[in-house]
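Data block below; observations after.
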Amino acid sequence: MLEDTEHSTEQIKLYLPFADAVLTPGCFRGNLGKKQVRYNGYHELAYLHPNYFTPDPEILKELGLKEDSVFSVLRFVSWGASHDVGHHGIQNKIEFVKELEKYGRVLITSEGRLDEVLEQYRIKVSPEKLHHLLYYASLYVGDGGTTAVESAILGTPSIYVSTLVGTMGNFIELEEKYGLLLNYSDSNKAIEKAIELIQSPNIKECWKEKREMLLRDKVDVTSFIVRFVEDYLTN
């Protein structure tokens with residue numbers, strides 16, 4: 001079992017008695033007992049590590065973009081998961097779009113319905129192409145946690161907006177140790193930072209250097225999981 005969401009307390013209680021081992025990032029802010037195995041990485045590195053992911057600039061052409069185009073990706077989630085009850089993310093969606101649109105294209109990926117004003121910004125490409133867009137994006141902003149982490153470890157300035165800020169170890173580490181992810185519970189402060197970042201020259205080069213530091217520090221998660229399973233099955 002893989003786990004990286006500390007506030008998924010209901011799900012953890014349900015599966016823990018039946019799990020032989022639970023693999024968590026080393027920064028996981030919780031003790032799951034003797035079944036917990038910590039590793040030096042993040043789940044998202046299992047598929048976005050350079051050993052497995054190669055960005056494809058051809059995907060940009062579908063949206064009329066180039067590698068040097070300035071564009072932002074916004075992600076809105078439905079907040080329907082049981083561990084999301086009572087929480088919320090971006091409150092001023094239209095304002096976010098209108099402000100960021102002043103500096104480049106805005107692309108939206110959303111789990112649910114959008115305001116009619118925002119529907120025109122919805123991404124119309126297949127889901128598996130999203131990671132390529134995130135890699136080339138100038139900025140990611142959203143209340144989608146996984147997408148925020150993905151953007152950060154791909155070397156794209158990433159802003160996560162949620163009342164869950166401060167509860168998850170991977171988000172805290174990505175901000176405090178690597179400076180790749182910025183966490184906000186206040187939408188207004190988040191938009192101020194987003195405007196600052198989108199205007200910053202050479203911001204992608206700066207984030208690329210931070211990403212290289214992270215990759216030097218972390219393990220190849222896929223290789224780790226394969227070795228763990230092989231060792232587990234032979235012992």
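Note on naming: chains are A, B, ... as they come in the structure tokens, residues start from 1 per chain, ligands start from 1 in the order shown.
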**OP:** Might you pull out every residue within 8 Å of Ala46 of chain A, with only C-alpha atoms counted and same-chain residues fewer than 5 positions away left off, and present them as a ChimeraX atom specification?
**Re:** /A:220-222
Would you output that residue set with C-alpha atoms, as an mmCIF file, in the first residue's frame?
data_model
loop_
_atom_site.group_PDB
_atom_site.id
_atom_site.type_symbol
_atom_site.label_atom_id
_atom_site.label_comp_id
_atom_site.auth_asym_id
_atom_site.auth_seq_id
_atom_site.Cartn_x
_atom_site.Cartn_y
_atom_site.Cartn_z
ATOM 1 C CA ASP A 220 14.319 6.519 -7.988
ATOM 2 C CA VAL A 221 10.942 5.605 -6.450
ATOM 3 C CA THR A 222 9.995 3.080 -9.113
#
Need the shell around Met1 of chain A: protein/DNA/RNA residues with any atom at most 12 Å away, counting only C-alpha atoms. Skip same-chain ones fewer than 4 positions apart. Format as a PDB file with C-alpha atoms, in the first residue's frame?
ATOM      1  CA  GLN A  11      -9.244   5.260   4.672  1.00  0.00           C
ATOM      2  CA  ILE A  12      -6.105   4.469   6.647  1.00  0.00           C
ATOM      3  CA  TYR A  15      -7.092  -0.657   5.104  1.00  0.00           C
ATOM      4  CA  LEU A  16      -4.332  -0.750   7.731  1.00  0.00           C
ATOM      5  CA  PRO A  17      -5.443  -4.013   9.417  1.00  0.00           C
ATOM      6  CA  PHE A  18      -5.319  -5.795   6.053  1.00  0.00           C
ATOM      7  CA  ALA A  19      -2.074  -4.315   4.721  1.00  0.00           C
ATOM      8  CA  ASP A  20       1.261  -6.082   5.131  1.00  0.00           C
ATOM      9  CA  ALA A  21       3.225  -2.881   4.535  1.00  0.00           C
ATOM     10  CA  VAL A  22       2.469   0.789   3.957  1.00  0.00           C
ATOM     11  CA  LEU A  23       5.037   2.792   2.000  1.00  0.00           C
ATOM     12  CA  THR A  24       5.149   6.497   2.822  1.00  0.00           C
ATOM     13  CA  LEU A  32       1.405   4.179  11.101  1.00  0.00           C
ATOM     14  CA  LYS A  35       3.864  -1.750   9.024  1.00  0.00           C
ATOM     15  CA  GLN A  36       5.067   1.671   7.861  1.00  0.00           C
ATOM     16  CA  VAL A  37       8.102   1.802   5.563  1.00  0.00           C
ATOM     17  CA  ARG A  38       9.486   5.250   4.803  1.00  0.00           C
ATOM     18  CA  HIS A  43       4.839   8.950  -4.987  1.00  0.00           C
ATOM     19  CA  ILE A 225       9.234  -0.129  -5.060  1.00  0.00           C
ATOM     20  CA  PHE A 228      10.937  -3.734  -2.077  1.00  0.00           C
ATOM     21  CA  VAL A 229       8.333  -6.028  -3.643  1.00  0.00           C
TER      22      VAL A 229
END
Original post:
Which residues, written as a ChimeraX atom specification, have at least one atom at most 7 Å from Pro25 of chain A, with only C-alpha atoms counted and residues fewer than 4 positions away on the same chain left out?
Top reply: /A:4,38-42
Original post:
Met213 of chain A: which residues within 12 Å, counting only C-alpha atoms, same-chain residues fewer than 3 positions away excluded, as a list of chain:residue names?
Top reply: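 Here the qualifying residues turn out to be A:Ile153, A:Gly155, A:Leu174, A:Lys177, A:Tyr178, A:Gly179, A:Leu180, A:Cys206, A:Trp207, A:Lys208, A:Glu209, A:Lys210, A:Arg216, A:Asp217, A:Lys218.
Across A:Gly169, A:Leu139, A:Lys13, A:Ser187, the tightest approach to Ile203 of chain A is made by A:Leu139 when counting only C-alpha atoms.
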Subject >> Selection near segment 53-66 of chain A, 10 Å with only C-alpha atoms, sequence-local residues under 2 positions removed, as a ChimeraX atom specification >> reply: /A:45-51,68-71,105,107,123-125,129-137,154
Expected file contents, prior selection, N, CA and C atoms, as a CSV table (one decimal), in the first residue's frame:
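What ended up in out.csv:
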chain,number,residue,atom,x,y,z
A,45,LEU,N,7.2,10.8,-8.0
A,45,LEU,CA,8.5,10.6,-8.7
A,45,LEU,C,8.5,9.2,-9.3
A,46,ALA,N,7.5,8.3,-9.0
A,46,ALA,CA,7.5,7.0,-9.6
A,46,ALA,C,7.2,7.1,-11.1
A,47,TYR,N,6.5,8.1,-11.5
A,47,TYR,CA,6.2,8.2,-12.9
A,47,TYR,C,6.7,9.5,-13.5
A,48,LEU,N,7.2,10.5,-12.7
A,48,LEU,CA,7.7,11.7,-13.3
A,48,LEU,C,9.2,11.9,-13.2
A,49,HIS,N,9.9,10.9,-12.6
A,49,HIS,CA,11.4,11.0,-12.6
A,49,HIS,C,11.9,11.0,-14.0
A,50,PRO,N,13.0,11.7,-14.3
A,50,PRO,CA,13.5,11.7,-15.7
A,50,PRO,C,13.8,10.4,-16.3
A,51,ASN,N,14.0,9.3,-15.4
A,51,ASN,CA,14.2,8.0,-15.9
A,51,ASN,C,13.0,7.4,-16.7
A,68,ASP,N,8.5,28.3,-25.6
A,68,ASP,CA,8.8,29.6,-24.9
A,68,ASP,C,7.5,30.4,-24.6
A,69,SER,N,6.3,29.8,-24.9
A,69,SER,CA,5.1,30.6,-24.6
A,69,SER,C,4.9,30.7,-23.1
A,70,VAL,N,4.3,31.9,-22.7
A,70,VAL,CA,4.0,32.1,-21.3
A,70,VAL,C,2.5,31.7,-21.1
A,71,PHE,N,2.3,30.7,-20.3
A,71,PHE,CA,1.0,30.2,-20.0
A,71,PHE,C,0.9,29.6,-18.6
A,105,ARG,N,-1.5,33.0,-21.8
A,105,ARG,CA,-2.6,32.1,-21.8
A,105,ARG,C,-2.9,31.5,-20.5
A,107,LEU,N,-5.0,28.1,-19.0
A,107,LEU,CA,-5.6,26.8,-19.3
A,107,LEU,C,-6.1,26.2,-18.0
A,123,ILE,N,-9.1,23.0,-20.6
A,123,ILE,CA,-8.2,22.3,-21.5
A,123,ILE,C,-9.0,21.2,-22.2
A,124,LYS,N,-8.8,21.1,-23.5
A,124,LYS,CA,-9.5,20.1,-24.4
A,124,LYS,C,-8.4,19.2,-25.0
A,125,VAL,N,-7.6,18.6,-24.1
A,125,VAL,CA,-6.7,17.6,-24.5
A,125,VAL,C,-6.8,16.4,-23.6
A,129,LYS,N,-1.9,13.8,-21.3
A,129,LYS,CA,-1.0,14.8,-21.9
A,129,LYS,C,-0.8,16.0,-20.9
A,130,LEU,N,-1.5,15.9,-19.8
A,130,LEU,CA,-1.4,17.0,-18.8
A,130,LEU,C,0.0,17.2,-18.3
A,131,HIS,N,0.7,16.1,-18.0
A,131,HIS,CA,2.0,16.3,-17.4
A,131,HIS,C,3.0,17.0,-18.3
A,132,HIS,N,2.8,16.8,-19.6
A,132,HIS,CA,3.6,17.5,-20.6
A,132,HIS,C,3.3,19.0,-20.5
A,133,LEU,N,2.1,19.4,-20.4
A,133,LEU,CA,1.7,20.8,-20.3
A,133,LEU,C,2.2,21.4,-19.0
A,134,LEU,N,2.2,20.6,-17.9
A,134,LEU,CA,2.7,21.1,-16.6
A,134,LEU,C,4.2,21.4,-16.7
A,135,TYR,N,4.9,20.5,-17.4
A,135,TYR,CA,6.4,20.7,-17.6
A,135,TYR,C,6.7,22.0,-18.3
A,136,TYR,N,6.0,22.4,-19.3
A,136,TYR,CA,6.3,23.6,-20.1
A,136,TYR,C,5.6,24.8,-19.6
A,137,ALA,N,4.6,24.7,-18.6
A,137,ALA,CA,3.9,25.8,-18.1
A,137,ALA,C,4.8,26.8,-17.4
A,154,LEU,N,8.3,18.7,-11.5
A,154,LEU,CA,8.6,18.9,-12.9
A,154,LEU,C,9.4,20.2,-13.2
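Pairwise distance (atom CA of Phe96 of chain A, atom CA of Arg211 of chain A) equals 25.8 Å.
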Report the closest atom pair, with its distance in Å rounded to one decimal, for each residue of segment 16-96 of chain A that has an atom no farther than 10 Å from segment 113-118 of chain A; count only C-alpha atoms, sort by chain and then rising residue number, and write it as JSON lines.
{"residue": "A:Phe76", "atom": "CA", "partner": "A:Leu114", "partner_atom": "CA", "distance": 9.0}
{"residue": "A:Val77", "atom": "CA", "partner": "A:Arg113", "partner_atom": "CA", "distance": 10.0}
{"residue": "A:Ser78", "atom": "CA", "partner": "A:Arg113", "partner_atom": "CA", "distance": 8.8}
{"residue": "A:Lys93", "atom": "CA", "partner": "A:Leu118", "partner_atom": "CA", "distance": 8.4}
{"residue": "A:Ile94", "atom": "CA", "partner": "A:Leu118", "partner_atom": "CA", "distance": 7.0}
With N, CA and C atoms retained, export the selected residues as an mmCIF file, in the first residue's frame.
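The result, written out as selection-v2.cif:
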data_model
loop_
_atom_site.group_PDB
_atom_site.id
_atom_site.type_symbol
_atom_site.label_atom_id
_atom_site.label_comp_id
_atom_site.auth_asym_id
_atom_site.auth_seq_id
_atom_site.Cartn_x
_atom_site.Cartn_y
_atom_site.Cartn_z
ATOM 1 N N PHE A 76 -8.825 22.926 -10.650
ATOM 2 C CA PHE A 76 -9.872 23.008 -9.637
ATOM 3 C C PHE A 76 -10.414 21.604 -9.386
ATOM 4 N N VAL A 77 -10.472 21.196 -8.119
ATOM 5 C CA VAL A 77 -10.985 19.863 -7.779
ATOM 6 C C VAL A 77 -12.414 19.982 -7.267
ATOM 7 N N SER A 78 -13.073 18.835 -7.141
ATOM 8 C CA SER A 78 -14.490 18.836 -6.770
ATOM 9 C C SER A 78 -14.721 18.889 -5.268
ATOM 10 N N LYS A 93 -11.950 32.219 -8.345
ATOM 11 C CA LYS A 93 -11.488 31.615 -9.592
ATOM 12 C C LYS A 93 -11.458 32.603 -10.761
ATOM 13 N N ILE A 94 -12.525 33.362 -10.919
ATOM 14 C CA ILE A 94 -12.606 34.298 -12.044
ATOM 15 C C ILE A 94 -11.514 35.357 -11.933
#
Subject >> All alpha helix (DSSP H) residues (DSSP, backbone) inside segment 70-207 of chain A, as a PyMOL selection string >> reply: chain A and resi 93-100+130-136+145-153+169-176+187-199+203-207
Subject >> Selected residue, from A:Gly30, A:Gly145, A:Pro157, A:Pro127, that lies nearest to Gln199 of chain A when counting only C-alpha atoms >> reply: A:Pro157
Original post:
At what distance in Å, to one decimal, does atom CA of Glu3 of chain A lie from atom CA of Arg75 of chain A?
Top reply: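 Those two atoms sit 22.1 Å apart.
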Original post:
Quick one, how far is atom CA of Leu181 of chain A from atom CA of Thr147 of chain A?
Top reply: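 We find that atom CA of Leu181 of chain A and atom CA of Thr147 of chain A lie 11.0 Å from each other.
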**OP:** Name the closest residue to Lys102 of chain A among the candidates A:Gln120, A:Ser223, A:Thr234, A:Ser72; distances are taken between atoms, counting only C-alpha atoms.
**Re:**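 So, comparing all the options, the nearest one is A:Ser72.
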